file coords-v6.pdb (PDB, C-alpha atoms and all ligand atoms)
MODEL        1
ATOM      1  CA  MET A   1      30.285 -11.978  23.900
ATOM      2  CA  ARG A   2      28.412  -9.106  22.342
ATOM      3  CA  LEU A   3      28.906 -10.516  18.892
ATOM      4  CA  SER A   4      27.388 -13.839  19.882
ATOM      5  CA  ASP A   5      24.507 -12.050  21.645
ATOM      6  CA  ASP A   6      23.752 -10.144  18.453
ATOM      7  CA  ARG A   7      23.987 -13.327  16.482
ATOM      8  CA  TYR A   8      21.641 -15.056  18.894
ATOM      9  CA  SER A   9      19.031 -12.307  18.765
ATOM     10  CA  GLY A  10      19.345 -12.217  14.974
ATOM     11  CA  GLU A  11      18.681 -15.940  14.721
ATOM     12  CA  ARG A  12      15.839 -15.706  17.166
ATOM     13  CA  SER A  13      14.212 -13.014  15.072
ATOM     14  CA  GLN A  14      14.611 -15.192  11.957
ATOM     15  CA  PHE A  15      12.953 -18.143  13.699
ATOM     16  CA  GLU A  16      10.149 -16.022  15.117
ATOM     17  CA  LEU A  17       9.421 -14.668  11.671
ATOM     18  CA  ALA A  18       9.514 -18.144  10.113
ATOM     19  CA  LEU A  19       6.974 -19.424  12.668
ATOM     20  CA  ARG A  20       4.786 -16.359  12.178
ATOM     21  CA  MET A  21       4.815 -16.899   8.408
ATOM     22  CA  ILE A  22       4.184 -20.658   8.677
ATOM     23  CA  ARG A  23       1.075 -19.834  10.722
ATOM     24  CA  HIS A  24      -0.142 -17.752   7.764
ATOM     25  CA  GLU A  25       0.602 -20.694   5.460
ATOM     26  CA  ALA A  26       3.291 -18.796   3.586
ATOM     27  CA  ARG A  27       5.208 -20.795   1.025
ATOM     28  CA  THR A  28       8.669 -22.125   1.859
ATOM     29  CA  ARG A  29      10.175 -19.929  -0.824
ATOM     30  CA  THR A  30       8.555 -16.797   0.611
ATOM     31  CA  ILE A  31       9.763 -17.680   4.113
ATOM     32  CA  ARG A  32      13.263 -18.308   2.786
ATOM     33  CA  GLU A  33      13.363 -14.941   1.003
ATOM     34  CA  CYS A  34      12.463 -13.040   4.177
ATOM     35  CA  THR A  35      14.299 -15.038   6.835
ATOM     36  CA  GLY A  36      17.363 -16.203   4.920
ATOM     37  CA  LEU A  37      16.866 -19.645   6.491
ATOM     38  CA  SER A  38      17.462 -22.712   4.331
ATOM     39  CA  ASP A  39      14.566 -24.834   3.089
ATOM     40  CA  ASP A  40      15.811 -27.611   5.343
ATOM     41  CA  ARG A  41      15.628 -25.478   8.502
ATOM     42  CA  ILE A  42      12.179 -24.195   7.539
ATOM     43  CA  ARG A  43      11.016 -27.783   7.043
ATOM     44  CA  LYS A  44      12.417 -28.726  10.470
ATOM     45  CA  LEU A  45      10.720 -25.761  12.153
ATOM     46  CA  TYR A  46       7.432 -26.714  10.567
ATOM     47  CA  THR A  47       7.798 -30.330  11.660
ATOM     48  CA  THR A  48       8.833 -29.423  15.211
ATOM     49  CA  TYR A  49       6.284 -26.724  15.938
ATOM     50  CA  PHE A  50       3.296 -27.618  13.833
ATOM     51  CA  ARG A  51       3.160 -31.191  12.612
ATOM     52  CA  ASN A  52       4.331 -32.723  15.910
ATOM     53  CA  SER A  53       2.323 -30.414  18.148
ATOM     54  CA  GLY A  54      -1.040 -31.635  16.914
ATOM     55  CA  ASN A  55      -1.659 -28.300  15.214
ATOM     56  CA  LEU A  56      -2.883 -29.754  11.949
ATOM     57  CA  THR A  57      -4.767 -26.710  10.718
ATOM     58  CA  VAL A  58      -1.555 -25.162   9.379
ATOM     59  CA  LYS A  59      -0.599 -26.477   5.959
ATOM     60  CA  ARG A  60       2.802 -25.975   4.466
ATOM     61  CA  ARG A  61       2.609 -24.559   0.967
ATOM     62  CA  ARG A  62       5.060 -25.405  -1.732
ATOM     63  CA  GLY A  63       5.761 -24.046  -5.174
ATOM     64  CA  LYS A  64       5.266 -20.658  -6.714
ATOM     65  CA  SER A  65       3.320 -17.695  -5.415
ATOM     66  CA  PRO A  66       0.046 -16.919  -7.242
ATOM     67  CA  ARG A  67       0.387 -14.306  -9.974
ATOM     68  CA  GLN A  68      -2.869 -13.205 -11.582
ATOM     69  CA  VAL A  69      -3.841  -9.618 -10.786
ATOM     70  CA  THR A  70      -7.495 -10.233 -11.694
ATOM     71  CA  ARG A  71      -7.857 -11.848  -8.270
ATOM     72  CA  TYR A  72      -7.643  -8.362  -6.707
ATOM     73  CA  VAL A  73     -10.233  -6.711  -8.913
ATOM     74  CA  LYS A  74     -12.628  -9.484  -9.952
ATOM     75  CA  ASN A  75     -15.450  -8.066  -7.797
ATOM     76  CA  PRO A  76     -15.957  -5.057  -5.469
ATOM     77  CA  GLU A  77     -15.416  -7.189  -2.340
ATOM     78  CA  ASN A  78     -11.986  -8.417  -3.449
ATOM     79  CA  GLN A  79     -11.123  -4.961  -4.724
ATOM     80  CA  ASN A  80     -12.095  -3.442  -1.380
ATOM     81  CA  GLN A  81      -9.981  -5.977   0.513
ATOM     82  CA  ALA A  82      -6.986  -5.437  -1.792
ATOM     83  CA  THR A  83      -7.337  -1.698  -1.199
ATOM     84  CA  THR A  84      -7.315  -2.295   2.583
ATOM     85  CA  LEU A  85      -4.087  -4.263   2.231
ATOM     86  CA  VAL A  86      -2.433  -1.516   0.192
ATOM     87  CA  ALA A  87      -3.450   1.046   2.851
ATOM     88  CA  LEU A  88      -1.887  -1.212   5.504
ATOM     89  CA  PHE A  89       1.298  -1.633   3.439
ATOM     90  CA  TYR A  90       1.477   2.140   3.329
ATOM     91  CA  ALA A  91       0.851   2.469   7.083
ATOM     92  CA  GLY A  92       3.575  -0.128   7.732
ATOM     93  CA  MET A  93       5.983   1.820   5.502
ATOM     94  CA  LEU A  94       6.386  -1.090   3.127
ATOM     95  CA  ILE A  95       5.476   1.284   0.294
ATOM     96  CA  ARG A  96       5.326   5.028  -0.209
ATOM     97  CA  ILE A  97       2.903   6.886  -2.469
ATOM     98  CA  ASP A  98       4.100   9.956  -4.346
ATOM     99  CA  ARG A  99       2.140  13.066  -5.363
ATOM    100  CA  GLU A 100       0.991  11.452  -8.597
ATOM    101  CA  HIS A 101      -0.324   8.552  -6.509
ATOM    102  CA  ARG A 102       2.265   6.210  -7.900
ATOM    103  CA  VAL A 103       3.399   3.493  -5.540
ATOM    104  CA  HIS A 104       7.065   2.852  -4.723
ATOM    105  CA  ALA A 105       8.580  -0.066  -2.832
ATOM    106  CA  CYS A 106      10.461   0.978   0.333
ATOM    107  CA  TRP A 107      12.434  -2.229   0.698
ATOM    108  CA  PRO A 108      15.054  -3.063  -1.947
ATOM    109  CA  ARG A 109      14.786  -6.745  -1.053
ATOM    110  CA  PRO A 110      12.912  -8.770   1.576
ATOM    111  CA  ASP A 111      14.533  -9.234   4.984
ATOM    112  CA  VAL A 112      13.436 -10.063   8.541
ATOM    113  CA  GLU A 113      12.123  -6.569   9.331
ATOM    114  CA  PHE A 114      10.237  -6.502   6.034
ATOM    115  CA  GLY A 115       8.736  -9.921   6.840
ATOM    116  CA  HIS A 116       7.528  -8.827  10.277
ATOM    117  CA  ARG A 117       5.970  -5.680   8.805
ATOM    118  CA  LEU A 118       4.224  -7.719   6.138
ATOM    119  CA  CYS A 119       2.896 -10.135   8.792
ATOM    120  CA  ARG A 120       1.633  -7.197  10.877
ATOM    121  CA  ALA A 121      -0.168  -5.722   7.852
ATOM    122  CA  TYR A 122      -1.701  -9.093   7.026
ATOM    123  CA  GLU A 123      -2.797  -9.750  10.621
ATOM    124  CA  THR A 124      -4.508  -6.332  10.762
ATOM    125  CA  TYR A 125      -6.224  -7.101   7.456
ATOM    126  CA  LEU A 126      -7.585 -10.361   8.953
ATOM    127  CA  LEU A 127      -8.985  -8.394  11.896
ATOM    128  CA  LEU A 128     -10.714  -5.936   9.558
ATOM    129  CA  HIS A 129     -12.197  -8.481   7.145
ATOM    130  CA  GLU A 130     -14.014 -11.390   8.737
ATOM    131  CA  ASN A 131     -14.439 -13.073   5.383
ATOM    132  CA  ALA A 132     -10.883 -12.612   4.115
ATOM    133  CA  LYS A 133     -10.595 -13.359   0.391
ATOM    134  CA  LEU A 134      -6.839 -13.007   0.099
ATOM    135  CA  SER A 135      -4.339 -15.447   1.561
ATOM    136  CA  PHE A 136      -0.927 -14.375   2.836
ATOM    137  CA  GLU A 137       0.621 -15.321  -0.508
ATOM    138  CA  TRP A 138      -1.915 -13.190  -2.368
ATOM    139  CA  ALA A 139      -1.035 -10.291  -0.052
ATOM    140  CA  TRP A 140       2.685 -10.820  -0.712
ATOM    141  CA  ASN A 141       2.013 -10.847  -4.434
ATOM    142  CA  LEU A 142      -0.173  -7.740  -4.221
ATOM    143  CA  LEU A 143       2.654  -5.832  -2.553
ATOM    144  CA  GLN A 144       4.940  -6.697  -5.466
ATOM    145  CA  CYS A 145       2.343  -5.987  -8.185
ATOM    146  CA  ILE A 146       1.305  -2.602  -6.812
ATOM    147  CA  SER A 147       4.949  -1.560  -6.382
ATOM    148  CA  TYR A 148       5.622  -2.051 -10.105
ATOM    149  CA  ASN A 149       2.799   0.327 -11.207
ATOM    150  CA  ASP A 150       2.426  -2.008 -14.108
ATOM    151  CA  GLU A 151      -0.700  -4.165 -14.005
ATOM    152  CA  LEU A 152      -2.253  -2.509 -10.943
ATOM    153  CA  TYR A 153      -2.485   1.150  -9.936
ATOM    154  CA  LEU A 154      -4.347   3.417  -7.516
ATOM    155  CA  ALA A 155      -7.419   4.787  -9.284
ATOM    156  CA  HIS A 156      -9.434   7.785  -8.085
ATOM    157  CA  CYS A 157     -13.165   7.602  -7.214
ATOM    158  CA  ARG A 158     -15.192  10.547  -8.466
ATOM    159  CA  GLY A 159     -17.930   9.753  -5.927
ATOM    160  CA  CYS A 160     -15.991   9.896  -2.652
ATOM    161  CA  GLU A 161     -12.479  10.949  -3.752
ATOM    162  CA  ALA A 162     -10.957   7.744  -2.321
ATOM    163  CA  ARG A 163      -8.133   5.850  -3.995
ATOM    164  CA  TYR A 164      -8.616   2.191  -4.824
ATOM    165  CA  VAL A 165      -6.722  -0.696  -6.413
ATOM    166  CA  GLN A 166      -7.537  -0.996 -10.113
ATOM    167  CA  ASP A 167      -6.489  -3.207 -13.022
ATOM    168  CA  ALA A 168      -4.456  -1.142 -15.488
ATOM    169  CA  TYR A 169      -5.888  -3.100 -18.425
ATOM    170  CA  ALA A 170      -9.571  -2.894 -17.443
ATOM    171  CA  LEU A 171     -12.142  -0.151 -18.044
ATOM    172  CA  ASP A 172     -12.219   2.151 -15.036
ATOM    173  CA  TYR A 173     -15.628   3.601 -14.151
ATOM    174  CA  ARG A 174     -14.021   5.792 -11.514
ATOM    175  CA  THR A 175     -16.161   4.197  -8.826
ATOM    176  CA  CYS A 176     -14.402   2.752  -5.796
ATOM    177  CA  PRO A 177     -15.510  -0.618  -4.350
ATOM    178  CA  ALA A 178     -17.021   1.093  -1.269
ATOM    179  CA  CYS A 179     -19.286   3.216  -3.514
ATOM    180  CA  CYS A 180     -20.080   0.108  -5.588
ATOM    181  CA  MET A 181     -21.070  -1.886  -2.523
ATOM    182  CA  ASP A 182     -22.796   0.918  -0.636
ATOM    183  CA  LEU A 183     -20.333   0.689   2.241
ATOM    184  CA  PRO A 184     -19.742   3.426   4.833
ATOM    185  CA  GLY A 185     -17.481   6.009   3.228
ATOM    186  CA  GLY A 186     -18.933   5.393  -0.219
ATOM    187  CA  SER A 187     -20.874   8.248  -1.870
ATOM    188  CA  ARG A 188     -23.913   6.101  -2.760
ATOM    189  CA  ARG A 189     -24.666   5.724   0.916
ATOM    190  CA  ARG A 190     -24.911   9.488   1.340
ATOM    191  CA  LYS A 191     -27.261   9.743  -1.625
ATOM    192  CA  SER A 192     -29.570   6.969  -0.464
ATOM    193  CA  GLY A 193     -29.458   8.019   3.215
TER     194      GLY A 193
HETATM  195 ZN    ZN B   1     -16.027   6.031  -3.747
ENDMDL
END
call {"tool": "encode", "arguments": {"input": "coords-v6.pdb", "output": "structure tokens"}}
result
Amino acid sequence: MRLSDDRYSGERSQFELALRMIRHEARTRTIRECTGLSDDRIRKLYTTYFRNSGNLTVKRRRGKSPRQVTRYVKNPENQNQATTLVALFYAGMLIRIDREHRVHACWPRPDVEFGHRLCRAYETYLLLHENAKLSFEWAWNLLQCISYNDELYLAHCRGCEARYVQDAYALDYRTCPACCMDLPGGSRRRKSG
């Protein structure tokens, strides 16, 4: 009895996560990696809950996740939003940051708990940025890129001391996006005010 209860609650959690991720227009492959559900079951869930319910705003994405890191740093707005996401990944314990400000992944591989934490981080990001520039898939990809410390890293702003997401292959002027854009928290605001 207990075994089947556990199994039931496990399946329920998988389905809940799949629906949560479909709402964010996650790709089938991403949903499969987190939930462990087959493509066929994900397709059926989508059809049952979204296509047949008249909720046509949700699109199901296919294919590969986006992979260019320039998306995160192409302008101060995107860079600021990517930095918000990394802070939320850290708050959700999806990553840890060591003393040298290097980022480490906390999850060896995606699972249901990981998926729910990622959804929570992404939903908070949407609340903080009205004009969100990064889709769920871009957030998923950012989490992987920043964990490798390869193409992206956490740079240090000499104006306000904040850390921000930076392209490892670009020139770094040591100015965070908030200082660039004159946002609260940026040092330029203090100077001009
Ligand atoms: Zn700054």
call {"tool": "residues_near_ligand", "arguments": {"input": "coords-v6.pdb", "ligand": "ligand ZN 1 (chain B)", "cutoff": "10 Å", "atoms": "all atoms listed in the file", "output": "PyMOL selection string"}}
result
chain A and resi 156-164+174-189
call {"tool": "resolve_selection", "arguments": {"input": "coords-v6.pdb", "expression": "the PyMOL selection byres (((chain A and resi 128) around 12) and not hetatm)", "output": "ChimeraX atom specification"}}
result
/A:80-82,84-85,88,121-127,129-133
call {"tool": "closest_residue", "arguments": {"input": "coords-v6.pdb", "among": "A:Glu33, A:Glu25, A:Asp150, A:Glu16", "to": "Trp138 of chain A", "atoms": "only C-alpha atoms"}}
result
A:Glu25
call {"tool": "resolve_selection", "arguments": {"input": "coords-v6.pdb", "expression": "the PyMOL selection byres (((chain A and resi 23) around 9) and not hetatm)", "output": "compact mmCIF listing (two decimals) with C-alpha atoms, keeping the file's coordinate frame"}}
result
# COMPACT_ATOMS: atom_id res chain seq x y z
CA ALA A 18 9.51 -18.14 10.11
CA LEU A 19 6.97 -19.42 12.67
CA ARG A 20 4.79 -16.36 12.18
CA MET A 21 4.82 -16.90 8.41
CA ILE A 22 4.18 -20.66 8.68
CA HIS A 24 -0.14 -17.75 7.76
CA GLU A 25 0.60 -20.69 5.46
CA ALA A 26 3.29 -18.80 3.59
CA PHE A 50 3.30 -27.62 13.83
CA VAL A 58 -1.56 -25.16 9.38
CA LYS A 59 -0.60 -26.48 5.96
CA ARG A 60 2.80 -25.98 4.47
call {"tool": "resolve_selection", "arguments": {"input": "coords-v6.pdb", "expression": "the PyMOL selection byres (((chain A and resi 71) around 10) and not hetatm)", "output": "list of chain:residue names"}}
result
A:Pro66, A:Arg67, A:Gln68, A:Val69, A:Thr70, A:Tyr72, A:Val73, A:Lys74, A:Asn75, A:Asn78, A:Gln79, A:Ala82, A:Lys133, A:Leu134, A:Trp138, A:Leu142, A:Asp167
call {"tool": "closest_residue", "arguments": {"input": "coords-v6.pdb", "among": "A:Ser147, A:Asn141, A:Ser135, A:Ser38", "to": "Ala105 of chain A", "atoms": "all atoms listed in the file"}}
result
A:Ser147
call {"tool": "axis_aligned_box", "arguments": {"input": "coords-v6.pdb", "around": "segment 107-124 of chain A", "padding_each_side": "3 Å", "output": "lines of an AutoDock Vina configuration file"}}
result
center_x = 5.3
center_y = -6.2
center_z = 4.5
size_x = 25.6
size_y = 13.9
size_z = 18.8
call {"tool": "atom_distance", "arguments": {"input": "coords-v6.pdb", "atom1": "atom CA of Glu77 of chain A", "atom2": "atom CA of Gln166 of chain A"}}
result
12.7 Å
call {"tool": "residues_around", "arguments": {"input": "coords-v6.pdb", "residues": "His116 of chain A", "least_positions_apart": "2", "cutoff": "12 Å", "atoms": "all atoms listed in the file", "output": "ChimeraX atom specification"}}
result
/A:13-21,31,34-35,89,92-94,110-114,118-123
call {"tool": "atom_distance", "arguments": {"input": "coords-v6.pdb", "atom1": "atom CA of Ala155 of chain A", "atom2": "atom CA of Ala91 of chain A"}}
result
18.5 Å
call {"tool": "atom_distance", "arguments": {"input": "coords-v6.pdb", "atom1": "atom CA of Ile95 of chain A", "atom2": "atom CA of Trp107 of chain A"}}
result
7.8 Å
call {"tool": "closest_residue", "arguments": {"input": "coords-v6.pdb", "among": "A:Val165, A:Ala170, A:Cys145, A:Leu154", "to": "Asp98 of chain A", "atoms": "all atoms listed in the file"}}
result
A:Leu154
